[in-house]
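Student: If you scroll down you'll find the structure; I have some questions about it.
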2 protein chains.
Amino acid sequence: MSEYQSTERTRVRRKPSRGSYDREVIHAILDEALICHVGFSVDGQPYVIPTIHTRVGDRLYLHGSTRNRAFNELSEGSPCCVTVSLVDGIVLARSATQHSLNYRSAMIIGSARRVTGPDEKTAALRGVVEHIVPGRWDEVRGPSADELDETQVIAVDIEEASGKARAGRAIDKRDDVDPEKWAGILPLEISTAEPIPGEDVQRDLPVPPHVADWRRGQ
Amino acid sequence: MSEYQSTERTRVRRKPSRGSYDREVIHAILDEALICHVGFSVDGQPYVIPTIHTRVGDRLYLHGSTRNRAFNELSEGSPCCVTVSLVDGIVLARSATQHSLNYRSAMIIGSARRVTGPDEKTAALRGVVEHIVPGRWDEVRGPSADELDETQVIAVDIEEASGKARAGRAIDKRDDVDPEKWAGILPLEISTAEPIPGEDVQRDLPVPPHVADWRRGQ
């Protein structure tokens with residue numbers, strides 16, 4: 001099935017033309033976003049925690065220390081919401097209220113499961129590293145048994161999901177249009193500065209291609 | 001008072017050295033982040049919604065359409081959490097589990113209040129526009145009475161807050177250090193591409209300085 005089911009909880013009501021339930025669209029947004037924001041409640045109080053995610057099929061993996069309070073709450077099977085957002089540009093109009101951002105976002109509803117098996121844990125950590133820097137995993141030492149024990153991995157099956165996006169130009173109300181007033185889009189992107197080698201790295205060691213050529217975005 | 005109170009709900013337990021309750025630090029993170037993620041619960045289900053915020057003293061303002069379901073929930077005085085996150089760089093170590101991100105984040109706990117007075121509403125919208133593009137408000141038509149009516153503004157007083165950050169180099173375990181293996185930081189930043197004028201803008205109209213010179217970050 002190529003679409004997630006649109007439910008009471010995930011239906012995009014406001015400007016539904018901006019909404020999408022398409023698996024491929026939602027997966028692409030999840031995969032491009034470096035981090036996600038995880039929402040969960042404790043005693044009726046909502047919390048929103050930023051963390052790194054990775055997606056494997058229709059499942060997200062999150063990770064954290066075993067001493068991470070947020071993840072201890074999450075691992076109890078409580079309902080959670082994982083949202084990712086990409087800001088693509090600033091929309092500048094001639095009236096204040098027509099200003100906007102161009103963006104792509106995805107909201108996932110699911111419940112958390114604690115991952116205990118070392119193989120699934122290792123695969124999730126591999127996914128997290130590769131999510132941020134594709135090509136990195138094979139260059140580094142994998143997790144030891146102790147390191148796996150110190151790491152919590154949480155799986156969130158994507159039960160419901162919706163994507164939302166705005167793209168394109170500024171739209172002014174007819175009376176506001178004035179060719180002598182600038183309106184338009186300021187595109188934004190994530191860029192890199194020069195990689196900074198650690199002090200314990202041999203001088204003149206080349207920056208590996210998966211770092212030197214790293215880029216994110218469309 | 002220069003620090004927010006550290007409470008049961010906002011205390012940074014995991015790696016407390018990364019935590020801060022300093023007003024100035026938290027305000028700077030809130031002001032730099034283009035968007036926030038707002039968490040709230042409906043019938044026990046947490047939702048996390050991305051939106052633009054602005055800060056005025058110890059208060060955040062959020063805005064949305066009056067038809068925005070999230071904001072209708074928020075305006076009922078329900079507890080909410082507003083989190084902002086800035087990703088400053090990728091930390092590349094020689095072992096998988098020592099990888100990390102350099103980041104700054106702030107988590108705000110408060111409850112929502114619906115803003116109804118047109119003056120406070122207008123000031124909040126001014127703040128939202130100026131938050132994204134400083135210098136823009138004075139160049140555009142302000143909101144009409146109808147536009148104000150169609151816009152919901154939510155105030156969240158910062159009742160509790162904490163900041164969290166990681167900065168600096170990759171830290172490898174002693175046995176993993178190998179000068180012939182690259183480790184270090186890949187700094188990330190938000191950059192702009194060439195502004196794209198609308199089709200209804202006079203050719204050769206200069207891009208105004210508040211757009212041409214826009215930048216964000218440290």
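We name chains A, B, ... following the order of the structure tokens; residues begin at 1 in each chain, and ligands are numbered from 1 as shown.
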Starting from chain A, keep only residues with some atom at most 7 Å from an atom of chain B, counting only C-alpha atoms, and report them as a PyMOL selection string.

Tutor: chain A and resi 14+39-41+45-48+50+67-68+79-83+85+94-97+137+140-143+169-170+179-198+200-202+205+207

Student: Which residues in segment 115-168 of chain A does DSSP call helix (DSSP H, G or I)? List them as a list in words.

Tutor: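 Across segment 115-168 of chain A, those assigned helix (DSSP H, G or I) are Pro118, Asp119, Glu120, Lys121, Thr122, Ala123, Ala124, Leu125, Arg126, Gly127, Val128, Val129, Glu130, His131, Ile132, Trp137, Asp138, Glu139, Ala145, Asp146, Glu147, Leu148 and Asp149 of chain A.
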
Student: Could you write those residues out with N, CA and C atoms, as an mmCIF file, in the first residue's frame?

Tutor:
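Once written, result19.cif looks like this:
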data_model
loop_
_atom_site.group_PDB
_atom_site.id
_atom_site.type_symbol
_atom_site.label_atom_id
_atom_site.label_comp_id
_atom_site.auth_asym_id
_atom_site.auth_seq_id
_atom_site.Cartn_x
_atom_site.Cartn_y
_atom_site.Cartn_z
ATOM 1 N N PRO A 118 20.423 -7.870 20.856
ATOM 2 C CA PRO A 118 21.639 -7.172 20.407
ATOM 3 C C PRO A 118 21.725 -6.994 18.888
ATOM 4 N N ASP A 119 21.166 -7.921 18.136
ATOM 5 C CA ASP A 119 21.253 -7.778 16.677
ATOM 6 C C ASP A 119 20.396 -6.614 16.187
ATOM 7 N N GLU A 120 19.155 -6.545 16.702
ATOM 8 C CA GLU A 120 18.277 -5.442 16.283
ATOM 9 C C GLU A 120 18.834 -4.111 16.785
ATOM 10 N N LYS A 121 19.399 -4.136 18.007
ATOM 11 C CA LYS A 121 20.006 -2.925 18.567
ATOM 12 C C LYS A 121 21.157 -2.433 17.696
ATOM 13 N N THR A 122 22.040 -3.377 17.339
ATOM 14 C CA THR A 122 23.188 -3.001 16.512
ATOM 15 C C THR A 122 22.724 -2.469 15.158
ATOM 16 N N ALA A 123 21.721 -3.125 14.580
ATOM 17 C CA ALA A 123 21.218 -2.669 13.277
ATOM 18 C C ALA A 123 20.632 -1.261 13.397
ATOM 19 N N ALA A 124 19.967 -0.988 14.526
ATOM 20 C CA ALA A 124 19.388 0.347 14.725
ATOM 21 C C ALA A 124 20.487 1.392 14.859
ATOM 22 N N LEU A 125 21.537 1.072 15.615
ATOM 23 C CA LEU A 125 22.635 2.034 15.786
ATOM 24 C C LEU A 125 23.356 2.263 14.456
ATOM 25 N N ARG A 126 23.502 1.204 13.700
ATOM 26 C CA ARG A 126 24.063 1.356 12.356
ATOM 27 C C ARG A 126 23.203 2.322 11.546
ATOM 28 N N GLY A 127 21.876 2.132 11.647
ATOM 29 C CA GLY A 127 20.950 3.017 10.932
ATOM 30 C C GLY A 127 21.087 4.469 11.370
ATOM 31 N N VAL A 128 21.254 4.687 12.667
ATOM 32 C CA VAL A 128 21.362 6.052 13.188
ATOM 33 C C VAL A 128 22.630 6.726 12.654
ATOM 34 N N VAL A 129 23.758 6.011 12.695
ATOM 35 C CA VAL A 129 25.014 6.583 12.186
ATOM 36 C C VAL A 129 24.901 6.846 10.686
ATOM 37 N N GLU A 130 24.362 5.874 9.955
ATOM 38 C CA GLU A 130 24.249 6.022 8.502
ATOM 39 C C GLU A 130 23.215 7.083 8.112
ATOM 40 N N HIS A 131 22.230 7.293 8.989
ATOM 41 C CA HIS A 131 21.230 8.335 8.744
ATOM 42 C C HIS A 131 21.899 9.710 8.712
ATOM 43 N N ILE A 132 22.833 9.924 9.641
ATOM 44 C CA ILE A 132 23.492 11.231 9.718
ATOM 45 C C ILE A 132 24.613 11.336 8.682
ATOM 46 N N TRP A 137 29.550 4.083 8.902
ATOM 47 C CA TRP A 137 29.553 2.884 9.757
ATOM 48 C C TRP A 137 30.724 1.964 9.483
ATOM 49 N N ASP A 138 31.006 1.734 8.199
ATOM 50 C CA ASP A 138 32.044 0.767 7.859
ATOM 51 C C ASP A 138 33.447 1.282 8.173
ATOM 52 N N GLU A 139 33.571 2.535 8.510
ATOM 53 C CA GLU A 139 34.887 3.124 8.811
ATOM 54 C C GLU A 139 35.184 3.140 10.300
ATOM 55 N N ALA A 145 29.713 -5.155 23.490
ATOM 56 C CA ALA A 145 28.575 -5.641 24.288
ATOM 57 C C ALA A 145 28.244 -4.641 25.402
ATOM 58 N N ASP A 146 29.295 -4.102 26.060
ATOM 59 C CA ASP A 146 29.067 -3.114 27.120
ATOM 60 C C ASP A 146 28.395 -1.861 26.569
ATOM 61 N N GLU A 147 28.865 -1.402 25.437
ATOM 62 C CA GLU A 147 28.273 -0.193 24.835
ATOM 63 C C GLU A 147 26.819 -0.435 24.457
ATOM 64 N N LEU A 148 26.528 -1.629 23.973
ATOM 65 C CA LEU A 148 25.132 -1.952 23.655
ATOM 66 C C LEU A 148 24.280 -1.927 24.924
ATOM 67 N N ASP A 149 24.851 -2.457 26.025
ATOM 68 C CA ASP A 149 24.108 -2.484 27.290
ATOM 69 C C ASP A 149 23.811 -1.077 27.798
#

Student: Under the rule that only C-alpha atoms are counted, which of A:Glu8, A:Asp58, A:Asp213, A:Asp31 is the nearest residue to Ala155 of chain A?

Tutor: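 Result for the nearest residue to Ala155 of chain A: A:Asp58.
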
Student: For a test of reading the model, state the distance in Å between atom CA of Tyr21 of chain B and atom CA of Asn72 of chain A, rounded to one decimal.

Tutor: 23.0 Å

Student: DSSP says strand (DSSP E or B) for which residues of segment 86-218 of chain B? Put them as a ChimeraX atom specification?

Tutor: /B:86-92,95,100-115,141,151-157,160-166,184-192,196-197

Student: Of the candidates B:Asn102, B:Leu74, B:Asp175, B:His63, which shows the shortest atom-to-atom distance to Gln152 of chain B, using only C-alpha atoms?

Tutor: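 That would be B:His63, the residue with the smallest distance to Gln152 of chain B.
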
Student: Just give me the gap between atom CA of Ala28 of chain A and atom CA of Pro209 of chain A in Å, one decimal is fine.

Tutor: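 Separation of atom CA of Ala28 of chain A and atom CA of Pro209 of chain A: 23.3 Å.
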